[in-house]
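Structure file entry-v3.cif; described as mmCIF, C-alpha atoms and all ligand atoms.
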data_entry
loop_
_atom_site.label_atom_id
_atom_site.label_comp_id
_atom_site.auth_asym_id
_atom_site.auth_seq_id
_atom_site.Cartn_x
_atom_site.Cartn_y
_atom_site.Cartn_z
CA MET A 1 8.25 -139.64 170.14
CA TYR A 2 11.00 -141.39 168.24
CA ALA A 3 14.02 -139.11 168.63
CA GLY A 4 15.91 -140.01 171.78
CA ARG A 5 17.14 -136.45 172.18
CA VAL A 6 15.92 -133.13 170.84
CA LEU A 7 18.03 -129.98 171.12
CA SER A 8 16.50 -126.74 169.97
CA GLY A 9 16.89 -122.99 169.79
CA PRO A 10 18.72 -120.35 167.77
CA GLY A 11 22.34 -121.49 167.31
CA ALA A 12 21.62 -125.10 168.39
CA ARG A 13 23.62 -126.34 165.39
CA THR A 14 26.82 -125.50 167.28
CA LEU A 15 25.93 -128.31 169.73
CA VAL A 16 26.38 -130.98 167.03
CA PRO A 17 30.11 -131.65 167.72
CA ASP A 18 29.31 -132.30 171.40
CA GLU A 19 26.57 -134.72 170.33
CA VAL A 20 29.05 -136.51 168.06
CA GLU A 21 31.44 -136.82 170.98
CA ARG A 22 28.63 -138.09 173.21
CA LEU A 23 27.96 -140.83 170.67
CA GLY A 24 31.62 -141.80 170.75
CA ALA A 25 31.81 -141.40 166.96
CA ARG A 26 35.22 -140.93 165.33
CA ARG A 27 34.44 -140.49 161.62
CA VAL A 28 31.35 -138.47 160.70
CA LEU A 29 29.79 -138.53 157.25
CA VAL A 30 27.87 -135.29 156.70
CA VAL A 31 24.87 -135.63 154.37
CA VAL A 32 23.83 -132.17 153.30
CA ALA A 33 21.40 -130.40 150.96
CA PRO A 34 23.22 -128.08 148.51
CA SER A 35 21.46 -125.13 150.18
CA SER A 36 23.25 -125.88 153.48
CA ALA A 37 26.75 -126.43 152.07
CA ALA A 38 28.20 -123.51 154.07
CA VAL A 39 26.68 -124.87 157.31
CA ALA A 40 28.27 -128.24 156.54
CA GLN A 41 31.66 -126.60 155.99
CA ASP A 42 31.48 -124.90 159.39
CA LEU A 43 30.51 -128.20 160.96
CA ALA A 44 33.39 -130.03 159.25
CA ALA A 45 35.82 -127.48 160.66
CA ALA A 46 34.30 -127.76 164.14
CA LEU A 47 34.46 -131.57 164.01
CA GLY A 48 38.19 -131.54 163.28
CA GLU A 49 39.57 -135.09 163.39
CA ARG A 50 36.09 -136.53 163.76
CA TYR A 51 35.11 -135.36 160.26
CA ALA A 52 35.27 -138.05 157.54
CA ALA A 53 33.53 -136.68 154.41
CA THR A 54 30.55 -134.83 152.97
CA PHE A 55 27.94 -136.17 150.56
CA GLY A 56 26.17 -133.14 149.09
CA ARG A 57 23.70 -134.47 146.52
CA PRO A 58 20.63 -135.95 148.23
CA VAL A 59 17.61 -136.40 145.94
CA GLN A 60 13.85 -136.36 146.71
CA HIS A 61 12.12 -139.70 147.25
CA SER A 62 15.48 -141.38 148.12
CA PRO A 63 16.43 -143.15 144.87
CA VAL A 64 18.40 -146.32 145.70
CA GLU A 65 21.18 -145.42 143.19
CA VAL A 66 21.97 -142.25 145.18
CA THR A 67 22.00 -144.27 148.40
CA ALA A 68 24.48 -146.69 146.81
CA GLU A 69 26.80 -143.80 145.90
CA ALA A 70 26.69 -142.37 149.43
CA LEU A 71 27.14 -145.86 150.90
CA ALA A 72 30.34 -146.28 148.86
CA LEU A 73 31.64 -142.96 150.20
CA ALA A 74 30.80 -144.05 153.77
CA GLY A 75 32.76 -147.27 153.22
CA GLU A 76 35.79 -145.58 151.60
CA THR A 77 36.02 -143.03 154.41
CA ARG A 78 35.27 -145.56 157.21
CA ALA A 79 32.43 -143.40 158.50
CA ASP A 80 30.86 -144.49 161.80
CA ALA A 81 28.15 -141.82 162.29
CA LEU A 82 25.88 -139.60 160.21
CA VAL A 83 24.91 -135.95 160.47
CA ALA A 84 22.15 -134.93 158.04
CA ILE A 85 21.60 -131.21 157.39
CA GLY A 86 18.74 -130.26 155.08
CA GLY A 87 15.13 -131.07 154.30
CA GLY A 88 13.39 -134.42 153.94
CA SER A 89 15.70 -135.43 151.09
CA ALA A 90 18.95 -135.15 153.09
CA ILE A 91 17.34 -136.75 156.14
CA GLY A 92 15.83 -139.52 153.97
CA LEU A 93 19.29 -140.35 152.60
CA SER A 94 20.71 -140.43 156.13
CA LYS A 95 17.94 -142.85 157.16
CA ALA A 96 18.62 -145.05 154.13
CA LEU A 97 22.32 -145.20 155.11
CA ALA A 98 21.59 -145.79 158.80
CA VAL A 99 19.27 -148.71 158.18
CA ARG A 100 21.89 -150.36 155.92
CA THR A 101 24.88 -149.81 158.22
CA GLY A 102 23.62 -149.36 161.78
CA MET A 103 25.36 -145.95 161.98
CA PRO A 104 23.81 -143.53 164.53
CA GLN A 105 22.23 -140.37 163.09
CA ILE A 106 21.99 -136.74 164.13
CA ALA A 107 19.39 -134.89 162.04
CA VAL A 108 19.48 -131.12 161.60
CA PRO A 109 16.31 -130.23 159.65
CA THR A 110 16.15 -127.05 157.58
CA THR A 111 12.57 -127.39 156.24
CA TYR A 112 9.25 -128.21 157.94
CA ALA A 113 8.74 -131.66 156.32
CA GLY A 114 9.08 -133.55 159.64
CA SER A 115 10.98 -136.62 158.42
CA GLU A 116 13.46 -136.32 161.31
CA ALA A 117 10.65 -137.22 163.75
CA THR A 118 9.54 -140.43 162.02
CA PRO A 119 10.75 -144.03 161.69
CA VAL A 120 9.58 -143.99 158.06
CA LEU A 121 11.44 -143.94 154.75
CA GLY A 122 10.07 -143.78 151.20
CA GLU A 123 12.62 -145.13 148.71
CA THR A 124 12.39 -145.15 144.92
CA GLU A 125 13.62 -147.99 142.75
CA ASN A 126 12.85 -148.24 139.04
CA GLY A 127 10.41 -145.32 139.38
CA ILE A 128 8.37 -147.04 142.10
CA LYS A 129 8.27 -145.54 145.59
CA ALA A 130 7.96 -148.00 148.46
CA THR A 131 7.64 -146.97 152.09
CA ARG A 132 9.15 -148.83 155.01
CA ARG A 133 8.73 -148.31 158.74
CA ASP A 134 11.44 -149.45 161.14
CA PRO A 135 12.53 -147.98 164.50
CA ALA A 136 16.14 -148.22 163.20
CA LEU A 137 15.29 -145.45 160.69
CA ALA A 138 14.59 -142.77 163.29
CA PRO A 139 17.47 -140.37 164.05
CA GLY A 140 18.58 -140.71 167.69
CA THR A 141 19.23 -136.98 168.01
CA VAL A 142 17.42 -134.09 166.35
CA VAL A 143 18.77 -130.55 166.43
CA TYR A 144 16.23 -127.82 165.64
CA ASP A 145 17.95 -124.52 164.90
CA PRO A 146 15.47 -121.94 163.54
CA GLU A 147 18.38 -119.87 162.18
CA LEU A 148 18.85 -122.58 159.55
CA THR A 149 15.35 -121.92 158.21
CA LEU A 150 15.96 -118.18 157.64
CA SER A 151 17.29 -118.94 154.15
CA LEU A 152 14.17 -120.85 153.10
CA PRO A 153 12.64 -118.96 150.17
CA ARG A 154 9.09 -117.69 150.63
CA GLY A 155 7.56 -120.39 148.40
CA MET A 156 9.31 -123.26 150.17
CA THR A 157 8.48 -121.74 153.58
CA LEU A 158 4.80 -121.65 152.67
CA THR A 159 4.52 -125.04 150.98
CA SER A 160 6.72 -126.87 153.50
CA ALA A 161 4.67 -125.48 156.41
CA LEU A 162 1.46 -126.67 154.68
CA ASN A 163 3.12 -130.07 154.21
CA ALA A 164 3.57 -130.13 158.01
CA LEU A 165 -0.03 -128.99 158.56
CA ALA A 166 -1.21 -131.95 156.45
CA HIS A 167 0.38 -134.38 158.96
CA ALA A 168 -1.50 -132.70 161.83
CA VAL A 169 -4.82 -132.53 159.97
CA GLU A 170 -4.72 -136.21 159.01
CA ALA A 171 -3.84 -137.17 162.60
CA LEU A 172 -6.94 -135.28 163.78
CA TRP A 173 -9.31 -137.29 161.60
CA ASP A 174 -7.62 -140.64 162.32
CA ALA A 175 -10.25 -142.28 164.56
CA GLY A 176 -7.53 -144.44 166.12
CA ALA A 177 -5.20 -141.59 167.11
CA SER A 178 -4.39 -141.35 170.82
CA ALA A 179 -5.26 -138.38 173.03
CA ALA A 180 -1.55 -137.45 173.05
CA THR A 181 -1.39 -137.45 169.25
CA ARG A 182 -4.54 -135.31 169.04
CA ALA A 183 -2.99 -132.84 171.48
CA PHE A 184 0.16 -132.67 169.37
CA ALA A 185 -1.96 -132.16 166.25
CA VAL A 186 -3.96 -129.28 167.73
CA GLU A 187 -0.84 -127.57 169.09
CA SER A 188 0.88 -128.09 165.75
CA ALA A 189 -2.02 -126.72 163.67
CA ASP A 190 -2.32 -123.76 166.03
CA GLY A 191 1.42 -123.04 165.75
CA ILE A 192 1.44 -123.28 161.97
CA LEU A 193 -1.69 -121.19 161.41
CA THR A 194 -0.42 -118.55 163.85
CA ALA A 195 3.27 -118.41 162.96
CA LEU A 196 3.16 -118.96 159.19
CA PRO A 197 1.49 -115.63 158.32
CA VAL A 198 3.98 -113.84 160.59
CA VAL A 199 6.93 -115.58 158.92
CA LEU A 200 5.57 -114.79 155.45
CA ASP A 201 5.32 -111.17 156.51
CA ARG A 202 8.69 -111.05 158.30
CA PRO A 203 10.87 -113.90 156.96
CA SER A 204 13.79 -113.00 159.23
CA ASP A 205 11.74 -113.11 162.46
CA VAL A 206 13.65 -115.89 164.20
CA VAL A 207 11.12 -116.16 167.04
CA ALA A 208 8.24 -116.81 164.63
CA ARG A 209 10.51 -119.16 162.65
CA GLY A 210 11.18 -121.02 165.90
CA ARG A 211 7.46 -121.35 166.64
CA LEU A 212 6.86 -122.66 163.12
CA GLN A 213 9.70 -125.16 163.45
CA GLU A 214 8.35 -126.36 166.81
CA ALA A 215 4.92 -126.82 165.22
CA ALA A 216 6.54 -128.76 162.36
CA TRP A 217 8.29 -131.01 164.89
CA LEU A 218 4.90 -131.84 166.47
CA ALA A 219 3.49 -132.43 162.98
CA GLY A 220 6.33 -134.89 162.31
CA ALA A 221 5.41 -136.66 165.55
CA CYS A 222 1.79 -136.89 164.29
CA LEU A 223 3.08 -138.46 161.07
CA ALA A 224 5.00 -141.00 163.14
CA GLN A 225 2.14 -141.84 165.50
CA ALA A 226 -1.11 -141.61 163.52
CA ARG A 227 -2.35 -143.41 160.43
CA MET A 228 -2.38 -141.11 157.43
CA GLY A 229 -5.44 -141.11 155.17
CA LEU A 230 -6.52 -139.93 151.73
CA HIS A 231 -4.29 -136.83 151.64
CA HIS A 232 -0.99 -138.70 152.08
CA GLN A 233 -2.17 -141.51 149.78
CA LEU A 234 -2.82 -138.97 147.04
CA ALA A 235 0.49 -137.19 147.58
CA HIS A 236 2.33 -140.52 147.57
CA ALA A 237 0.64 -141.76 144.38
CA LEU A 238 0.99 -138.49 142.45
CA GLY A 239 4.48 -137.65 143.76
CA GLY A 240 5.86 -141.12 143.07
CA THR A 241 4.31 -141.47 139.60
CA PHE A 242 5.14 -138.02 138.25
CA GLY A 243 8.20 -137.12 140.36
CA LEU A 244 6.52 -133.96 141.68
CA PRO A 245 7.97 -131.50 144.24
CA HIS A 246 6.86 -132.90 147.59
CA ALA A 247 5.97 -129.73 149.50
CA GLU A 248 4.18 -127.97 146.61
CA LEU A 249 2.08 -131.04 145.97
CA HIS A 250 1.03 -131.35 149.62
CA ALA A 251 0.28 -127.63 149.79
CA LEU A 252 -2.04 -127.59 146.79
CA LEU A 253 -3.92 -130.79 147.74
CA LEU A 254 -4.62 -130.12 151.42
CA ALA A 255 -7.65 -127.80 151.21
CA HIS A 256 -9.26 -130.04 148.57
CA VAL A 257 -8.96 -133.09 150.85
CA MET A 258 -10.19 -131.10 153.87
CA ARG A 259 -13.27 -130.02 151.89
CA VAL A 260 -14.10 -133.68 151.23
CA ASN A 261 -13.18 -135.20 154.61
CA LEU A 262 -14.06 -132.66 157.31
CA VAL A 263 -17.84 -133.04 156.82
CA ALA A 264 -17.40 -136.62 158.04
CA ALA A 265 -14.97 -135.75 160.86
CA PRO A 266 -16.88 -133.33 163.14
CA ASP A 267 -14.40 -133.54 166.03
CA ALA A 268 -11.44 -132.70 163.79
CA ALA A 269 -13.50 -129.96 162.10
CA GLU A 270 -14.36 -128.40 165.46
CA ARG A 271 -10.78 -128.49 166.79
CA LEU A 272 -9.42 -127.05 163.54
CA ALA A 273 -12.10 -124.33 163.44
CA ARG A 274 -11.06 -123.31 166.96
CA VAL A 275 -7.39 -122.87 166.02
CA ALA A 276 -8.20 -121.31 162.62
CA GLY A 277 -10.71 -118.88 164.20
CA GLY A 278 -13.21 -119.77 161.46
CA ASP A 279 -13.56 -122.15 158.53
CA PRO A 280 -10.26 -124.13 158.53
CA THR A 281 -10.59 -125.24 154.90
CA ARG A 282 -10.96 -121.66 153.80
CA ALA A 283 -7.95 -120.65 155.92
CA VAL A 284 -5.79 -123.35 154.32
CA ALA A 285 -7.03 -122.59 150.79
CA SER A 286 -6.24 -118.93 151.35
CA LEU A 287 -2.69 -119.70 152.53
CA ALA A 288 -2.14 -122.13 149.62
CA SER A 289 -3.30 -119.50 147.12
CA MET A 290 -0.53 -117.15 148.34
CA HIS A 291 2.08 -119.40 146.69
CA ASP A 292 3.64 -117.76 143.66
CA GLY A 293 4.58 -121.16 142.18
CA PRO A 294 2.27 -123.92 140.91
CA THR A 295 -1.04 -124.15 142.80
CA THR A 296 -2.83 -126.69 140.58
CA LEU A 297 -2.02 -130.21 139.38
CA HIS A 298 -2.16 -128.82 135.86
CA ALA A 299 0.52 -126.23 136.66
CA LEU A 300 2.65 -128.97 138.27
CA GLY A 301 2.54 -130.84 134.95
CA VAL A 302 0.20 -133.73 135.82
CA PRO A 303 -1.60 -134.86 132.65
CA ARG A 304 -5.39 -134.64 132.93
CA ASP A 305 -5.91 -138.03 131.30
CA ALA A 306 -3.89 -139.69 134.10
CA LEU A 307 -6.28 -138.58 136.85
CA ARG A 308 -8.76 -141.48 136.53
CA GLU A 309 -6.02 -144.08 136.81
CA VAL A 310 -4.54 -142.37 139.89
CA ALA A 311 -8.04 -142.15 141.43
CA GLU A 312 -8.63 -145.87 140.87
CA ARG A 313 -5.25 -146.75 142.37
CA VAL A 314 -5.78 -144.55 145.42
CA ALA A 315 -9.32 -145.90 145.95
CA ALA A 316 -8.06 -149.49 145.80
CA GLU A 317 -5.48 -149.04 148.60
CA PRO A 318 -6.48 -149.98 152.14
CA TYR A 319 -6.10 -147.10 154.65
CA PRO A 320 -8.33 -145.39 157.20
CA ASN A 321 -10.22 -142.26 156.12
CA PRO A 322 -13.22 -140.51 157.66
CA ARG A 323 -15.20 -140.96 154.43
CA PRO A 324 -15.30 -144.07 152.27
CA VAL A 325 -12.94 -143.55 149.33
CA THR A 326 -14.44 -144.29 145.91
CA ALA A 327 -12.68 -143.83 142.58
CA ASP A 328 -15.40 -141.38 141.46
CA ALA A 329 -15.03 -139.22 144.58
CA VAL A 330 -11.23 -139.17 144.27
CA GLU A 331 -11.47 -138.31 140.58
CA ASP A 332 -13.77 -135.37 141.43
CA LEU A 333 -11.25 -134.17 144.03
CA LEU A 334 -8.37 -134.49 141.56
CA LEU A 335 -10.33 -132.61 138.90
CA ALA A 336 -10.93 -129.80 141.39
CA ALA A 337 -7.20 -129.71 142.17
CA PHE A 338 -6.38 -129.84 138.46
P1 LIG B 401 13.88 -131.25 150.12
O1 LIG B 401 14.65 -131.81 151.25
O2 LIG B 401 13.90 -132.01 148.85
O3 LIG B 401 14.36 -129.76 149.87
C1 LIG B 401 13.77 -129.01 148.82
C2 LIG B 401 14.72 -127.93 148.34
O4 LIG B 401 14.84 -126.95 149.36
C3 LIG B 401 16.13 -128.44 148.07
O5 LIG B 401 16.59 -127.82 146.90
C4 LIG B 401 16.92 -127.99 149.28
O6 LIG B 401 18.28 -127.78 148.96
C5 LIG B 401 16.21 -126.68 149.61
N1 LIG B 401 16.33 -126.28 151.01
C6 LIG B 401 16.17 -127.06 152.10
N2 LIG B 401 16.33 -126.33 153.21
C7 LIG B 401 16.60 -125.06 152.81
C8 LIG B 401 16.86 -123.85 153.51
N3 LIG B 401 16.81 -123.78 154.84
N4 LIG B 401 17.13 -122.74 152.77
C9 LIG B 401 17.12 -122.79 151.42
N5 LIG B 401 16.86 -123.89 150.71
C10 LIG B 401 16.61 -125.02 151.40
O7 LIG B 401 12.34 -131.00 150.50
P2 LIG B 401 11.42 -131.46 151.72
O8 LIG B 401 10.06 -131.06 151.34
O9 LIG B 401 11.97 -131.02 153.01
O10 LIG B 401 11.55 -133.04 151.70
C11 LIG B 401 10.94 -133.82 150.71
C12 LIG B 401 11.41 -135.26 150.82
O11 LIG B 401 11.29 -135.72 152.16
C13 LIG B 401 10.61 -136.20 149.95
O12 LIG B 401 11.48 -137.18 149.43
C14 LIG B 401 9.64 -136.83 150.95
O13 LIG B 401 9.18 -138.09 150.55
C15 LIG B 401 10.49 -136.89 152.19
N6 LIG B 401 9.72 -136.88 153.45
C16 LIG B 401 9.76 -137.99 154.22
C17 LIG B 401 9.08 -138.03 155.41
C18 LIG B 401 9.16 -139.27 156.27
O14 LIG B 401 8.67 -139.28 157.38
N7 LIG B 401 9.77 -140.32 155.80
C19 LIG B 401 8.35 -136.92 155.84
C20 LIG B 401 8.33 -135.78 155.03
C21 LIG B 401 9.02 -135.77 153.84
#
Could you render the structure as structure tokens?
Amino acid sequence: MYAGRVLSGPGARTLVPDEVERLGARRVLVVVAPSSAAVAQDLAAALGERYAATFGRPVQHSPVEVTAEALALAGETRADALVAIGGGSAIGLSKALAVRTGMPQIAVPTTYAGSEATPVLGETENGIKATRRDPALAPGTVVYDPELTLSLPRGMTLTSALNALAHAVEALWDAGASAATRAFAVESADGILTALPVVLDRPSDVVARGRLQEAAWLAGACLAQARMGLHHQLAHALGGTFGLPHAELHALLLAHVMRVNLVAAPDAAERLARVAGGDPTRAVASLASMHDGPTTLHALGVPRDALREVAERVAAEPYPNPRPVTADAVEDLLLAAF
């Protein structure tokens, strides 16, 4: 686990000022998703003299120009610590600032993406997304408050939870994953497959939201500890090239990749079947089909004639996967997802 401290539970966001004090920070820069602006205002008031400024425009895939803007604000306001409130975009920006300045970070996630649990950052420069891994990227404190996920719209709840499930599924078919990582992955998949339908049915059920958030935390730990395979390679290549919405892309790809990979990963297939209570690929496909937004690459706006090139690029990359990855097989998968 990368986070030094994890605080969780309904209302846990009110513990952030104490955490700031514990860090000895005097000037906090709050990095916040627009959807959590009101939460950031409350925090600014609670921080009092320890509040420096708010940067409220994080962008997906951490473009370096946005980081430069936030870095300038941190310099002008003499910030010495970061609190990130939001999804992977806000937390990604916080990581990009932390690694450039050495400022400590407190992450308060509001989606299920899991970035707060990893020492990984994907940054975009000139349209190309490059990923770096560095222990200095991982937030030292993570605050999980399920009340902050109550405002997640149905579509984002569904797709973000499937994004988390993808981390757990890929950890299960990573032959090099440790016993601890496999245990996290099973617990995470179980939590997501159990709690997500309840949350979709009763979006304001804070107990089910808490279970889902806990499962997403474990999924983030899987992302940090295991080697990701074909699914994350595809999401990275497609998302970076076409600037696609991260969670929706993961959600629509996952069942297609499971259909291809699970036949060659019997242990993962068996563990997932146990938590799904049946065919796990069918369970995931059924959840993904409940999304009322785009559920195909076509609907997301990916051009069909780009699929071969993406398949060739993804097949040429070196990464572990339960089945050998050929350009033809990846193209077939992409056509199915199209
Ligand atoms: P996001 O952070 O871009 O948020 C998506 C949208 O949801 C935004 O408009 C945001 O304002 C809104 N939102 C967030 N929380 C909300 C809430 N509680 N209520 C209402 N609206 C809310 O999306 P994401 O999927 O969380 O993150 C995607 C980004 O994170 C990508 O850039 C991806 O590369 C990165 N990521 C990185 C890692 C890592 O380990 N480095 C892991 C996962 C994702």
Would you mind listing, for every residue of stretch 198-249 of chain A within 9 Å of stretch 122-128 of chain A, the two atoms forming the shortest contact and the distance between them in Å to one decimal, using all atoms listed in the file, sorted by chain and ascending residue number, as JSON lines?
{"residue": "A:Gly240", "atom": "CA", "partner": "A:Ile128", "partner_atom": "CA", "distance": 6.5}
{"residue": "A:Thr241", "atom": "CA", "partner": "A:Gly127", "partner_atom": "CA", "distance": 7.2}
{"residue": "A:Gly243", "atom": "CA", "partner": "A:Gly127", "partner_atom": "CA", "distance": 8.5}
Among the residues A:Arg308, A:Arg209, A:His231, A:His246, the one that comes closest to ligand LIG 401 (chain B) [using all atoms listed in the file]
A:His246
Near stretch 322-335 of chain A, counting only C-alpha atoms, which residues have an atom at most 10 Å away, once you skip same-chain residues fewer than 3 positions from it, shown as an MDAnalysis selection string?
chainID A and resid 170 173:175 229:230 234 253 256:257 259:266 296:298 304 307:319 338
So the first atom is atom CA of A:Val66 and the second is atom CA of A:Leu23; what is the distance between them in Å, to one decimal place?
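For atom CA of A:Val66 relative to atom CA of A:Leu23, the distance reads 26.2 Å.
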Which chains and residue numbers are within 6 Å of ligand LIG 401 (chain B), counting all atoms listed in the file, if I want them as a ChimeraX atom specification?
/A:33-35,60-62,86-90,110-111,113-115,118,120-122,148-149,151-152,160,246-247
Can you give me N, CA and C atoms for stretch 325-336 of chain A, written as a PDB file, keeping the file's coordinate frame?
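Okay, out29.pdb is ready:
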ATOM      1  N   VAL A 325     -13.652-144.095 150.499  1.00  0.00           N
ATOM      2  CA  VAL A 325     -12.940-143.550 149.330  1.00  0.00           C
ATOM      3  C   VAL A 325     -13.374-144.323 148.088  1.00  0.00           C
ATOM      4  N   THR A 326     -14.081-143.642 147.175  1.00  0.00           N
ATOM      5  CA  THR A 326     -14.440-144.290 145.910  1.00  0.00           C
ATOM      6  C   THR A 326     -13.639-143.632 144.787  1.00  0.00           C
ATOM      7  N   ALA A 327     -13.446-144.375 143.706  1.00  0.00           N
ATOM      8  CA  ALA A 327     -12.680-143.830 142.580  1.00  0.00           C
ATOM      9  C   ALA A 327     -13.357-142.571 142.033  1.00  0.00           C
ATOM     10  N   ASP A 328     -14.698-142.559 141.997  1.00  0.00           N
ATOM     11  CA  ASP A 328     -15.400-141.380 141.460  1.00  0.00           C
ATOM     12  C   ASP A 328     -15.152-140.148 142.338  1.00  0.00           C
ATOM     13  N   ALA A 329     -15.236-140.360 143.672  1.00  0.00           N
ATOM     14  CA  ALA A 329     -15.030-139.220 144.580  1.00  0.00           C
ATOM     15  C   ALA A 329     -13.601-138.694 144.470  1.00  0.00           C
ATOM     16  N   VAL A 330     -12.635-139.618 144.367  1.00  0.00           N
ATOM     17  CA  VAL A 330     -11.230-139.170 144.270  1.00  0.00           C
ATOM     18  C   VAL A 330     -11.009-138.460 142.935  1.00  0.00           C
ATOM     19  N   GLU A 331     -11.641-138.966 141.880  1.00  0.00           N
ATOM     20  CA  GLU A 331     -11.470-138.310 140.580  1.00  0.00           C
ATOM     21  C   GLU A 331     -12.041-136.885 140.637  1.00  0.00           C
ATOM     22  N   ASP A 332     -13.183-136.720 141.285  1.00  0.00           N
ATOM     23  CA  ASP A 332     -13.770-135.370 141.430  1.00  0.00           C
ATOM     24  C   ASP A 332     -12.799-134.442 142.157  1.00  0.00           C
ATOM     25  N   LEU A 333     -12.195-134.980 143.247  1.00  0.00           N
ATOM     26  CA  LEU A 333     -11.250-134.170 144.030  1.00  0.00           C
ATOM     27  C   LEU A 333     -10.050-133.784 143.150  1.00  0.00           C
ATOM     28  N   LEU A 334      -9.538-134.762 142.403  1.00  0.00           N
ATOM     29  CA  LEU A 334      -8.370-134.490 141.560  1.00  0.00           C
ATOM     30  C   LEU A 334      -8.704-133.476 140.465  1.00  0.00           C
ATOM     31  N   LEU A 335      -9.924-133.579 139.932  1.00  0.00           N
ATOM     32  CA  LEU A 335     -10.330-132.610 138.900  1.00  0.00           C
ATOM     33  C   LEU A 335     -10.399-131.204 139.484  1.00  0.00           C
ATOM     34  N   ALA A 336     -10.885-131.112 140.731  1.00  0.00           N
ATOM     35  CA  ALA A 336     -10.930-129.800 141.390  1.00  0.00           C
ATOM     36  C   ALA A 336      -9.521-129.255 141.595  1.00  0.00           C
TER      37      ALA A 336
END
